[in-house]
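Asker: The structure that follows is given in the form of structure tokens.
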Amino acid sequence: MGKLRLAIAGAGLIGRAHWKRMLASSACELAAFADPFPSTAALAAEAGVPLYPALEAMLAAERPDGVILATPNALHVSGALACVEAGVPALVEKPVGGSLADARQLADAAEAAGVPILVGHHRRHSGILEAACDTIASGRLGRLVAVTASATFHKPDDYFDADWRRLKGGGPILINLVHEIDNLRALVGEIVEVQAFGSHAVRGFEVEDTVAINLRFANGALGTFMLSDAAASPRSWEQNSGENAAFEQHPDQDCYVIAGTRGSLQVPTMCLYEYLGPASWQNPLVKSRVEIRETDPLTHQLEHFCAVVRRELPPRVTVRDAIRTLAVTLAVEEAARTGLRVPITP
């Protein structure tokens, strides 16, 4: 079977990251770029593919086998709907939409048309996350009881030169937390209620810079999450996992600790502490390390998308699944703004 022809809409950092992985792929090749910025012409020439100013024009002219939507967040739903109308499977970057209503519109349209849409929560393709999920599912931790997690890092001052990052919608809840919520849902289960305190005391911008979050899971476990983009701290997935070379790495640190009645797992160092006999603080916790499969999540996500395009596999992260992650993230934003406990409706 020949290589799939995939197009990329949006030639920014993530779009280029997808293209670089296509170059090494035996399953797919780049068919075209769609991007309105003239500066993309040099990239398209380097790649040896045509450039279109708009997704719709590219879909009409090229009829690719699939499309990767690496466009700004506000264009995710409209771009995916255009792909659905054209009958072309799409990988749409996260968050799946700017609102739950828009995301539900996309889910309804894709399901009605039978066009598969994969949402780009790429950490679902991480060897670390897969090993952690398998360990928890094996029952070695017992019944899950508590989760402590963090994403604490320091964004440089020039990061905020873009006005939108200082205004409502540009804070770490909507930019960064959506990744973490998806991880915790995969690891622990559905989140049914949140509480949060937000602060913008460090920078004084309209948006938050620090948030303390409480989480209630459907299985009865409770969690705490500390989020800050103003903290001189090495505890976040990007800094600890080794999956993104753009960040300074601290592989000896953990950003998640998941505890059950029989043991606990630290992620991403994958240190496992468990009772081999009766569970008691008077008995020893035996330490071991869970082996992981070294992966590049974006490469494995691309391989999976090719299988989705060929209709060999269903999307690992569907639009409905991504809507749940978005709902929890928006609930945290509401809780931080109002000070209220916010339930997550199915």
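Naming works like this for the structure tokens: A, B, ... for the chains as they're shown, residue 1 at the start of each chain, ligands 1 onward in shown order.
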Would you list the contacts of region 166-171 of chain A as a ChimeraX atom specification, taking every protein, DNA or RNA residue within 6 Å and counting only C-alpha atoms, but skipping same-chain residues closer than 2 positions in sequence?

Answerer: /A:163-164,173,205-208

Asker: Restricting the output to C-alpha atoms, write the selected residues as an mmCIF file, in the first residue's frame.

Answerer:
```cif
data_model
loop_
_atom_site.group_PDB
_atom_site.id
_atom_site.type_symbol
_atom_site.label_atom_id
_atom_site.label_comp_id
_atom_site.auth_asym_id
_atom_site.auth_seq_id
_atom_site.Cartn_x
_atom_site.Cartn_y
_atom_site.Cartn_z
ATOM 1 C CA ASP A 163 -0.973 40.808 24.257
ATOM 2 C CA TRP A 164 -3.376 37.855 24.258
ATOM 3 C CA ILE A 173 -5.389 27.195 32.949
ATOM 4 C CA PHE A 205 -1.931 40.616 34.579
ATOM 5 C CA GLU A 206 -5.620 40.087 33.902
ATOM 6 C CA VAL A 207 -4.988 36.340 33.741
ATOM 7 C CA GLU A 208 -3.892 34.068 36.569
#
```

Asker: From the DSSP assignment of the backbone, select every residue of region 30-253 of chain A that is helix (DSSP H, G or I), and format the answer as a PyMOL selection string.

Answerer: chain A and resi 40-47+55-62+73-86+100-113+122-125+127-137+157-161+163-166+172-187+237-240

Asker: Here is a test: counting only C-alpha atoms, which residue of A:Asp157, A:Val290, A:Ile8, A:Leu100 is nearest to Leu265 (chain A)?

Answerer: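 Of A:Asp157, A:Val290, A:Ile8, A:Leu100, the one nearest Leu265 (chain A) is A:Val290, counting only C-alpha atoms.
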
Asker: Residues within 12 Å of Glu111 (chain A), please, as a list in words. Count only C-alpha atoms; anything in the same chain fewer than 3 positions from it doesn't count.

Answerer: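 Counting only C-alpha atoms, the residues come to Leu81, Val84, Glu85, Gly87, Pro89, Arg104, Gln105, Leu106, Ala107, Asp108, Gly114, Val115, Pro116, Ile117, Thr318, Val319 and Arg320 of chain A.
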
Asker: With region 141-153 of chain A as the partner and 9 Å as the cut-off, tabulate the residues of region 237-315 of chain A that qualify, each row holding the nearest pair of atoms and their distance in Å to one decimal, using only C-alpha atoms, sorted by chain and rising number, as JSON lines.

Answerer:
```
{"residue": "A:Trp237", "atom": "CA", "partner": "A:Ala151", "partner_atom": "CA", "distance": 6.9}
{"residue": "A:Glu238", "atom": "CA", "partner": "A:Ala151", "partner_atom": "CA", "distance": 8.6}
{"residue": "A:Gln239", "atom": "CA", "partner": "A:Phe153", "partner_atom": "CA", "distance": 8.4}
{"residue": "A:Asp254", "atom": "CA", "partner": "A:Ala149", "partner_atom": "CA", "distance": 8.6}
{"residue": "A:Cys255", "atom": "CA", "partner": "A:Ser150", "partner_atom": "CA", "distance": 5.3}
{"residue": "A:Tyr256", "atom": "CA", "partner": "A:Ala149", "partner_atom": "CA", "distance": 4.3}
{"residue": "A:Val257", "atom": "CA", "partner": "A:Thr148", "partner_atom": "CA", "distance": 5.3}
{"residue": "A:Ile258", "atom": "CA", "partner": "A:Val147", "partner_atom": "CA", "distance": 4.6}
{"residue": "A:Ala259", "atom": "CA", "partner": "A:Ala146", "partner_atom": "CA", "distance": 5.2}
{"residue": "A:Gly260", "atom": "CA", "partner": "A:Leu144", "partner_atom": "CA", "distance": 4.0}
{"residue": "A:Thr261", "atom": "CA", "partner": "A:Gly142", "partner_atom": "CA", "distance": 4.9}
{"residue": "A:Arg262", "atom": "CA", "partner": "A:Gly142", "partner_atom": "CA", "distance": 4.7}
{"residue": "A:Gly263", "atom": "CA", "partner": "A:Leu141", "partner_atom": "CA", "distance": 4.2}
{"residue": "A:Ser264", "atom": "CA", "partner": "A:Leu141", "partner_atom": "CA", "distance": 5.7}
{"residue": "A:Leu265", "atom": "CA", "partner": "A:Leu141", "partner_atom": "CA", "distance": 7.6}
{"residue": "A:Leu272", "atom": "CA", "partner": "A:Leu141", "partner_atom": "CA", "distance": 8.8}
{"residue": "A:Tyr273", "atom": "CA", "partner": "A:Leu141", "partner_atom": "CA", "distance": 8.5}
{"residue": "A:Glu274", "atom": "CA", "partner": "A:Leu141", "partner_atom": "CA", "distance": 7.0}
{"residue": "A:Tyr275", "atom": "CA", "partner": "A:Leu141", "partner_atom": "CA", "distance": 9.0}
```

Asker: Looking only at the backbone, which of the residues in region 208-331 of chain A does DSSP tag as strand (DSSP E or B), as a PyMOL selection string?

Answerer: chain A and resi 210-217+222-228+230-235+256-260+263-267+271-274+286-289

Asker: Which residues, written as a list in words, have at least one atom at most 12 Å from Leu13 (chain A), with only C-alpha atoms counted and residues fewer than 6 positions away on the same chain left out?

Answerer: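 Non-adjacent residues within range: Trp19, Lys20, Thr40, Leu43, Ala70, Thr71, Pro72 and Ala246 of chain A.
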
Asker: Could you save those same residues with N, CA and C atoms as a PDB file, in the first residue's frame?

Answerer:
```pdb
ATOM      1  N   TRP A  19       5.538  17.945  10.347  1.00  0.00           N
ATOM      2  CA  TRP A  19       6.194  17.738   9.055  1.00  0.00           C
ATOM      3  C   TRP A  19       7.534  17.020   9.225  1.00  0.00           C
ATOM      4  N   LYS A  20       8.324  17.414  10.224  1.00  0.00           N
ATOM      5  CA  LYS A  20       9.620  16.774  10.448  1.00  0.00           C
ATOM      6  C   LYS A  20       9.452  15.272  10.674  1.00  0.00           C
ATOM      7  N   THR A  40       5.348  31.465   4.913  1.00  0.00           N
ATOM      8  CA  THR A  40       5.289  30.011   4.775  1.00  0.00           C
ATOM      9  C   THR A  40       5.754  29.550   3.400  1.00  0.00           C
ATOM     10  N   LEU A  43       8.992  27.702   3.462  1.00  0.00           N
ATOM     11  CA  LEU A  43       8.873  26.360   4.032  1.00  0.00           C
ATOM     12  C   LEU A  43       8.276  25.393   3.018  1.00  0.00           C
ATOM     13  N   ALA A  70      -3.067  22.220  12.631  1.00  0.00           N
ATOM     14  CA  ALA A  70      -2.190  22.835  13.626  1.00  0.00           C
ATOM     15  C   ALA A  70      -2.404  24.342  13.627  1.00  0.00           C
ATOM     16  N   THR A  71      -3.636  24.735  13.482  1.00  0.00           N
ATOM     17  CA  THR A  71      -4.029  26.142  13.400  1.00  0.00           C
ATOM     18  C   THR A  71      -4.237  26.717  14.804  1.00  0.00           C
ATOM     19  N   PRO A  72      -4.409  28.040  14.932  1.00  0.00           N
ATOM     20  CA  PRO A  72      -4.755  28.612  16.237  1.00  0.00           C
ATOM     21  C   PRO A  72      -6.019  27.975  16.812  1.00  0.00           C
ATOM     22  N   ALA A 246      12.892  21.216  23.965  1.00  0.00           N
ATOM     23  CA  ALA A 246      12.877  22.672  24.063  1.00  0.00           C
ATOM     24  C   ALA A 246      12.940  23.151  25.511  1.00  0.00           C
TER      25      ALA A 246
END
```

Asker: Can you measure CA of Lys3 (chain A) to CA of Ala307 (chain A) for me? One decimal in Å is fine.

Answerer: 11.6 Å

Asker: Using Å and a single decimal, report how far CA of Ala131 (chain A) sits from CA of Arg235 (chain A).

Answerer: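 If I compute the distance from CA of Arg235 (chain A) to CA of Ala131 (chain A), I get 19.6 Å.
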
Asker: Can you work out which one of A:Arg124, A:Arg140, A:Arg5, A:Arg310 has the shortest atom-to-atom distance to Asp182 (chain A), counting only C-alpha atoms?

Answerer: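 Using only C-alpha atoms, Asp182 (chain A) sits closest to A:Arg124.
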
Asker: Would you pick out the contacts of region 209-214 of chain A at 9 Å or less, using only C-alpha atoms, so that residues sharing its chain but fewer than 3 positions from it are not included, and give the list as a PyMOL selection string?

Answerer: chain A and resi 152+171-173+193-205+222-231+332+335-336

Asker: If you count only C-alpha atoms, which residues fall within 9 Å of Val67 (chain A), apart from same-chain ones fewer than 5 positions away, as a ChimeraX atom specification?

Answerer: /A:5-9,59,80,83,88-92

Asker: Would you please work out which residue, of A:Gly98, A:Ala60, A:Asp158, A:Glu291, is nearest to Ser78 (chain A) when using only C-alpha atoms?

Answerer: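 Of all the options, A:Gly98 lies closest to Ser78 (chain A).
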
Asker: Might you pull out every residue within 10 Å of Ser99 (chain A), with only C-alpha atoms counted and same-chain residues fewer than 5 positions away left off, and present them as a VMD selection string?

Answerer: chain A and resid 74 77 104 323 326 to 327 330

Asker: Tell me which of A:Met270, A:Leu313, A:Ala232, A:Ile175 sits closest to Arg289 (chain A), counting only C-alpha atoms.

Answerer: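 For Arg289 (chain A), the nearest of the given residues is A:Met270.
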
Asker: Quick one: pull the distance between CA of Ile181 (chain A) and CA of Gly339 (chain A), Å, one decimal.

Answerer: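 Between CA of Ile181 (chain A) and CA of Gly339 (chain A) the gap works out to 19.4 Å.
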